[in-house]
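Novice: After the structure tokens below, expect a handful of questions from me.
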Amino acid sequence: MNFKELPNGMCDGFVVLRKCEEKTTKNGSTYLDLIIGDKDGEMSAKLWDYKGESGLFEQGMIVKIRGSIEQYNSKDQFRVSQIRPVNDSDVYNMSDIVPTSDIGGEVLFDMMINKVNAFKNDNLKRIVLDIITERKELMIKFPAALKLHHAMLGGLMYHTMSIVKTAEAVCRVYPNINRELLVAGAILHDVAKTWELEESKTGLAKGYTAKGELIGHLVKGAMIVDETAKKLGIDCEEVTLLEHMMISHHGVPEFGSAVRPMFLEAIVLSKLDDLDATIFEVNSATSKVEPHAFTDRQWALDNRKLYNHGLSDTEHRVNFDGND
């Protein structure tokens with residue numbers, strides 16, 4: 001993590017509280033059980049004998065913290081000596097504290113709009129443009145997930161456009177795929193995450209909304225398509241196809257799909273969604289270890305250890321400039 005080392009052997013810096021709970025020891029004293037993080041990672045932290053105001057600190061808050069790094073169960077743990085919420089006089093960069101897309105969401109959104117404007121299928125063009133322009137401000141800044149792939153500022157657009165670019169490349173290899181239908185599905189597949197996830201003060205997600213938990217972004221995405229088509233007076237099979245792509249893009253019921261993908265473009269979308277998430281997760285994990293070393297077990301990837309062979313750059317980047 002990006003801490004400043006102090007002459008007395010301690011260190012300090014600005015972090016986000018990814019977890020913050022007040023707990024009680026066996027002898028009755030209160031302590032804060034924390035997970036602190038910045039763009040470089042996270043670690044557990046403890047503030048023992050906490051005598052401050054209850055509720056002063058909460059998940060998602062940015063704080064200035066000082067203390068020392070100790071070992072607990074062979075892992076780093078931060079022992080907090082001082083902590084306070086940031087104030088207006090503090091100087092820090094949000095991009096140092098929370099993960100941020102290296103390409104701005106606004107730039108990627110404009111690229112996406114240009115692609116949709118070039119659609120020849122007028123029904124797909126009208127539906128997609130209406131949905132994304134209405135949600136532009138949220139789409140350009142939202143993360144794509146709570147904790148896993150693309151859980152960063154602008155992550156939703158980064159994930160979306162990564163799939164769009166890959167979809168276009170696949171369509172050049174397999175021209176029997178309907179490119180506009182696949183791209184439309186790729187653009188819309190996670191649009192309801194702007195409704196499903198609850199935004200924190202940092203711009204990242206701090207949890208799921210109640211409706212997000214009860215309904216989820218797959219079903220809500222299909223509902224948005226249906227509502228938009230009715231509003232625009234569009235009644236055609238493309239509406240049903242898009243709805244199916246929304247509710248099936250996680251592939252199998254175990255991962256939240258209402259049905260399995262049942263036509264070519266829906267199947268390809270599901271595979272590309274999983275591929276992009278997997279590449280991001282692998283890069284993220286292997287970037288944290290030296291070449292020729294293994295990661296810890298990654299529960300999101302079948303609890304596998306991953307090997308950094310050192311033959312390629314583990315930093316996650318996507319070529320968005322059009323030169324494939």
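As shown in the structure tokens, the chain order sets the letters A, B, ...; within each chain, residues go from 1, and ligands are also counted from 1 in the order they appear.
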Taking only C-alpha atoms into account, produce a table as JSON lines in which each residue of segment 54-83 of chain A with an atom at most 8 Å from an atom of segment 9-30 of chain A appears once, together with its shortest atom pair and the distance in Å to one decimal, ordered by chain and rising number.
Specialist:
```
{"residue": "A:Ser54", "atom": "CA", "partner": "A:Glu22", "partner_atom": "CA", "distance": 8.0}
{"residue": "A:Phe57", "atom": "CA", "partner": "A:Cys20", "partner_atom": "CA", "distance": 7.0}
{"residue": "A:Glu58", "atom": "CA", "partner": "A:Cys20", "partner_atom": "CA", "distance": 5.5}
{"residue": "A:Gln59", "atom": "CA", "partner": "A:Lys19", "partner_atom": "CA", "distance": 5.1}
{"residue": "A:Gly60", "atom": "CA", "partner": "A:Leu17", "partner_atom": "CA", "distance": 5.3}
{"residue": "A:Met61", "atom": "CA", "partner": "A:Leu17", "partner_atom": "CA", "distance": 5.5}
{"residue": "A:Ile62", "atom": "CA", "partner": "A:Val16", "partner_atom": "CA", "distance": 4.3}
{"residue": "A:Val63", "atom": "CA", "partner": "A:Val15", "partner_atom": "CA", "distance": 5.7}
{"residue": "A:Lys64", "atom": "CA", "partner": "A:Phe14", "partner_atom": "CA", "distance": 4.5}
{"residue": "A:Ile65", "atom": "CA", "partner": "A:Asp12", "partner_atom": "CA", "distance": 5.4}
{"residue": "A:Arg66", "atom": "CA", "partner": "A:Asp12", "partner_atom": "CA", "distance": 4.2}
{"residue": "A:Gly67", "atom": "CA", "partner": "A:Met10", "partner_atom": "CA", "distance": 5.4}
{"residue": "A:Ser68", "atom": "CA", "partner": "A:Met10", "partner_atom": "CA", "distance": 4.9}
{"residue": "A:Ile69", "atom": "CA", "partner": "A:Met10", "partner_atom": "CA", "distance": 7.8}
```
Novice: Identify, with DSSP run on backbone atoms, the residues in segment 27-177 of chain A assigned to strand (DSSP E), and express the list as an MDAnalysis selection string.
Specialist: chainID A and resid 30:38 41:47 62:72 75:85
Novice: Give the answer as one residue: which of A:Leu32, A:Ala277, A:Ile132, A:Met245 has the shortest atom-to-atom distance to Tyr158 of chain A, using only C-alpha atoms?
Specialist: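 Ranking A:Leu32, A:Ala277, A:Ile132, A:Met245 by distance to Tyr158 of chain A, first place goes to A:Ala277.
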Novice: Between atom CA of Tyr307 of chain A and atom CA of Phe294 of chain A, what is the spacing in Å?
Specialist: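 Atom-to-atom, atom CA of Phe294 of chain A to atom CA of Tyr307 of chain A, that is 4.5 Å.
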Novice: Could you check how far atom CA of Val173 of chain A sits from atom CA of Leu301 of chain A, in Å to one decimal?
Specialist: 28.2 Å
Novice: Neighbouring residues of Gln77 of chain A were defined as those with any atom within 6 Å, considering only C-alpha atoms; residues of the same chain fewer than 6 positions away were excluded. Please report them as a VMD selection string.
Specialist: chain A and resid 44 to 45 69 to 71
Novice: Could you pull out the alpha helix (DSSP H) residues of segment 110-298 of chain A from DSSP and send them as a ChimeraX atom specification?
Specialist: /A:110-117,122-134,136-139,155-173,179-188,193-196,210-214,217-232,237-248,264-286
Novice: Write out as a ChimeraX atom specification the residues lying within 10 Å of segment 86-102 of chain A, counting only C-alpha atoms and excluding same-chain residues fewer than 2 positions away.
Specialist: /A:1-2,13-16,37-41,61-65,83-84,104-105,141,143,150-159,202-204,316-318
Novice: Would you save the residues of that selection, restricted to N, CA and C atoms, as an mmCIF file, in the first residue's frame?
Specialist:
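Okay, this is what ended up in result_1.cif:
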```
data_model
loop_
_atom_site.group_PDB
_atom_site.id
_atom_site.type_symbol
_atom_site.label_atom_id
_atom_site.label_comp_id
_atom_site.auth_asym_id
_atom_site.auth_seq_id
_atom_site.Cartn_x
_atom_site.Cartn_y
_atom_site.Cartn_z
ATOM 1 N N MET A 1 0.838 -1.191 0.000
ATOM 2 C CA MET A 1 0.000 0.000 0.000
ATOM 3 C C MET A 1 0.876 1.245 0.000
ATOM 4 N N ASN A 2 0.281 2.349 -0.420
ATOM 5 C CA ASN A 2 1.047 3.573 -0.645
ATOM 6 C C ASN A 2 1.150 4.408 0.636
ATOM 7 N N GLY A 13 -0.858 7.635 5.843
ATOM 8 C CA GLY A 13 -1.352 7.864 4.497
ATOM 9 C C GLY A 13 -2.863 7.968 4.485
ATOM 10 N N PHE A 14 -3.401 8.188 3.307
ATOM 11 C CA PHE A 14 -4.844 8.275 3.125
ATOM 12 C C PHE A 14 -5.346 6.945 2.565
ATOM 13 N N VAL A 15 -6.407 6.424 3.164
ATOM 14 C CA VAL A 15 -6.964 5.134 2.751
ATOM 15 C C VAL A 15 -8.484 5.218 2.779
ATOM 16 N N VAL A 16 -9.111 4.248 2.147
ATOM 17 C CA VAL A 16 -10.553 4.105 2.231
ATOM 18 C C VAL A 16 -10.858 2.939 3.162
ATOM 19 N N GLY A 37 -7.754 0.221 2.479
ATOM 20 C CA GLY A 37 -7.302 -0.014 1.117
ATOM 21 C C GLY A 37 -6.953 1.259 0.385
ATOM 22 N N ASP A 38 -6.152 1.098 -0.647
ATOM 23 C CA ASP A 38 -5.915 2.159 -1.619
ATOM 24 C C ASP A 38 -5.827 1.500 -2.978
ATOM 25 N N LYS A 39 -5.358 2.218 -3.987
ATOM 26 C CA LYS A 39 -5.351 1.664 -5.343
ATOM 27 C C LYS A 39 -4.442 0.443 -5.468
ATOM 28 N N ASP A 40 -3.474 0.317 -4.540
ATOM 29 C CA ASP A 40 -2.497 -0.757 -4.639
ATOM 30 C C ASP A 40 -2.904 -2.041 -3.928
ATOM 31 N N GLY A 41 -3.948 -1.989 -3.122
ATOM 32 C CA GLY A 41 -4.359 -3.198 -2.417
ATOM 33 C C GLY A 41 -5.082 -2.901 -1.126
ATOM 34 N N MET A 61 -15.674 5.358 3.888
ATOM 35 C CA MET A 61 -15.135 6.660 4.280
ATOM 36 C C MET A 61 -13.643 6.721 3.976
ATOM 37 N N ILE A 62 -13.184 7.896 3.549
ATOM 38 C CA ILE A 62 -11.756 8.130 3.356
ATOM 39 C C ILE A 62 -11.203 8.752 4.631
ATOM 40 N N VAL A 63 -10.100 8.203 5.111
ATOM 41 C CA VAL A 63 -9.519 8.661 6.369
ATOM 42 C C VAL A 63 -8.017 8.838 6.200
ATOM 43 N N LYS A 64 -7.440 9.646 7.102
ATOM 44 C CA LYS A 64 -5.987 9.680 7.245
ATOM 45 C C LYS A 64 -5.641 8.798 8.435
ATOM 46 N N ILE A 65 -4.653 7.942 8.250
ATOM 47 C CA ILE A 65 -4.371 6.921 9.235
ATOM 48 C C ILE A 65 -2.875 6.875 9.514
ATOM 49 N N ILE A 83 -6.295 7.939 13.779
ATOM 50 C CA ILE A 83 -7.172 7.885 12.611
ATOM 51 C C ILE A 83 -8.158 9.039 12.689
ATOM 52 N N ARG A 84 -8.443 9.637 11.544
ATOM 53 C CA ARG A 84 -9.438 10.711 11.493
ATOM 54 C C ARG A 84 -10.023 10.793 10.085
ATOM 55 N N GLY A 104 -10.730 7.368 -19.351
ATOM 56 C CA GLY A 104 -11.921 7.963 -18.761
ATOM 57 C C GLY A 104 -13.207 7.390 -19.316
ATOM 58 N N GLY A 105 -14.196 7.268 -18.432
ATOM 59 C CA GLY A 105 -15.492 6.754 -18.845
ATOM 60 C C GLY A 105 -16.152 7.594 -19.917
ATOM 61 N N LYS A 141 -19.117 6.667 -14.700
ATOM 62 C CA LYS A 141 -18.346 6.657 -13.451
ATOM 63 C C LYS A 141 -18.504 5.383 -12.637
ATOM 64 N N PRO A 143 -18.534 1.577 -11.108
ATOM 65 C CA PRO A 143 -17.744 0.344 -11.216
ATOM 66 C C PRO A 143 -18.595 -0.736 -11.859
ATOM 67 N N HIS A 150 -13.200 -5.342 -12.444
ATOM 68 C CA HIS A 150 -13.493 -3.955 -12.797
ATOM 69 C C HIS A 150 -14.216 -3.194 -11.674
ATOM 70 N N ALA A 151 -13.859 -3.521 -10.420
ATOM 71 C CA ALA A 151 -14.417 -2.787 -9.281
ATOM 72 C C ALA A 151 -13.598 -1.509 -9.086
ATOM 73 N N MET A 152 -13.740 -0.588 -10.038
ATOM 74 C CA MET A 152 -12.959 0.643 -10.032
ATOM 75 C C MET A 152 -13.803 1.757 -10.635
ATOM 76 N N LEU A 153 -13.384 2.992 -10.401
ATOM 77 C CA LEU A 153 -14.089 4.121 -10.992
ATOM 78 C C LEU A 153 -14.011 4.014 -12.513
ATOM 79 N N GLY A 154 -15.151 4.101 -13.180
ATOM 80 C CA GLY A 154 -15.184 3.940 -14.626
ATOM 81 C C GLY A 154 -15.108 2.498 -15.077
ATOM 82 N N GLY A 155 -15.174 1.561 -14.132
ATOM 83 C CA GLY A 155 -15.029 0.150 -14.469
ATOM 84 C C GLY A 155 -16.142 -0.401 -15.337
ATOM 85 N N LEU A 156 -17.356 0.137 -15.184
ATOM 86 C CA LEU A 156 -18.480 -0.354 -15.981
ATOM 87 C C LEU A 156 -18.249 -0.087 -17.462
ATOM 88 N N MET A 157 -17.811 1.124 -17.793
ATOM 89 C CA MET A 157 -17.548 1.437 -19.197
ATOM 90 C C MET A 157 -16.351 0.662 -19.719
ATOM 91 N N TYR A 158 -15.347 0.475 -18.876
ATOM 92 C CA TYR A 158 -14.149 -0.256 -19.299
ATOM 93 C C TYR A 158 -14.513 -1.709 -19.631
ATOM 94 N N HIS A 159 -15.270 -2.336 -18.751
ATOM 95 C CA HIS A 159 -15.706 -3.722 -18.970
ATOM 96 C C HIS A 159 -16.600 -3.805 -20.208
ATOM 97 N N THR A 202 -16.816 7.375 -2.278
ATOM 98 C CA THR A 202 -15.637 7.349 -3.149
ATOM 99 C C THR A 202 -16.013 7.159 -4.615
ATOM 100 N N GLY A 203 -17.264 6.825 -4.887
ATOM 101 C CA GLY A 203 -17.673 6.519 -6.244
ATOM 102 C C GLY A 203 -17.678 5.040 -6.544
ATOM 103 N N LEU A 204 -17.078 4.235 -5.660
ATOM 104 C CA LEU A 204 -17.140 2.789 -5.804
ATOM 105 C C LEU A 204 -18.442 2.272 -5.196
ATOM 106 N N HIS A 316 -3.386 -4.860 -16.424
ATOM 107 C CA HIS A 316 -4.555 -5.057 -17.284
ATOM 108 C C HIS A 316 -4.735 -3.839 -18.190
ATOM 109 N N ARG A 317 -4.643 -4.078 -19.499
ATOM 110 C CA ARG A 317 -4.874 -3.012 -20.478
ATOM 111 C C ARG A 317 -5.653 -3.584 -21.649
ATOM 112 N N VAL A 318 -6.484 -2.748 -22.235
ATOM 113 C CA VAL A 318 -7.246 -3.137 -23.423
ATOM 114 C C VAL A 318 -6.922 -2.152 -24.530
#
```
Novice: Which polymer residues have any atom within 10 Å of an atom of Val225 of chain A, counting only C-alpha atoms, with same-chain residues fewer than 2 positions away left out, as a PyMOL selection string?
Specialist: chain A and resi 127-128+130-131+188+220-223+227-231+239-240+242-243+246
Novice: Interatomic distance between atom CA of Leu214 of chain A and atom CA of Leu241 of chain A?
Specialist: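 Here the two named atoms are 23.7 Å from each other.
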Novice: Which residues are close to Pro291 of chain A, i.e. within 12 Å by only C-alpha atoms, leaving aside same-chain residues fewer than 3 positions away? Reply as a PyMOL selection string.
Specialist: chain A and resi 286-288+294-295+306-314
Novice: Could you tell me which of A:Ala266, A:Val107, A:Leu272, A:Val116 comes closest to Val170 of chain A if we count only C-alpha atoms?
Specialist: A:Leu272
Novice: For a quick check of understanding, using only C-alpha atoms, which of A:Glu238, A:Val191, A:Lys206, A:Asp276 has the smallest distance to Leu218 of chain A?
Specialist: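 Closest to Leu218 of chain A of all the choices is A:Val191.
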Novice: Using only C-alpha atoms for the distances, tell me which of A:Ala145, A:Arg135, A:Arg126, A:Ala210 is nearest to Ala184 of chain A.
Specialist: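 Among the listed residues, A:Arg126 lies closest to Ala184 of chain A.
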Novice: So, counting only C-alpha atoms, which residue among A:Gly55, A:Gly207, A:Gly216, A:Gly233 is closest to His250 of chain A?
Specialist: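 Of all the options, A:Gly216 lies closest to His250 of chain A.
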Novice: Between A:Ser270, A:Thr166, A:Asn178, A:Ser200, which has the minimum distance to Ile247 of chain A (counting only C-alpha atoms)?
Specialist: A:Ser270
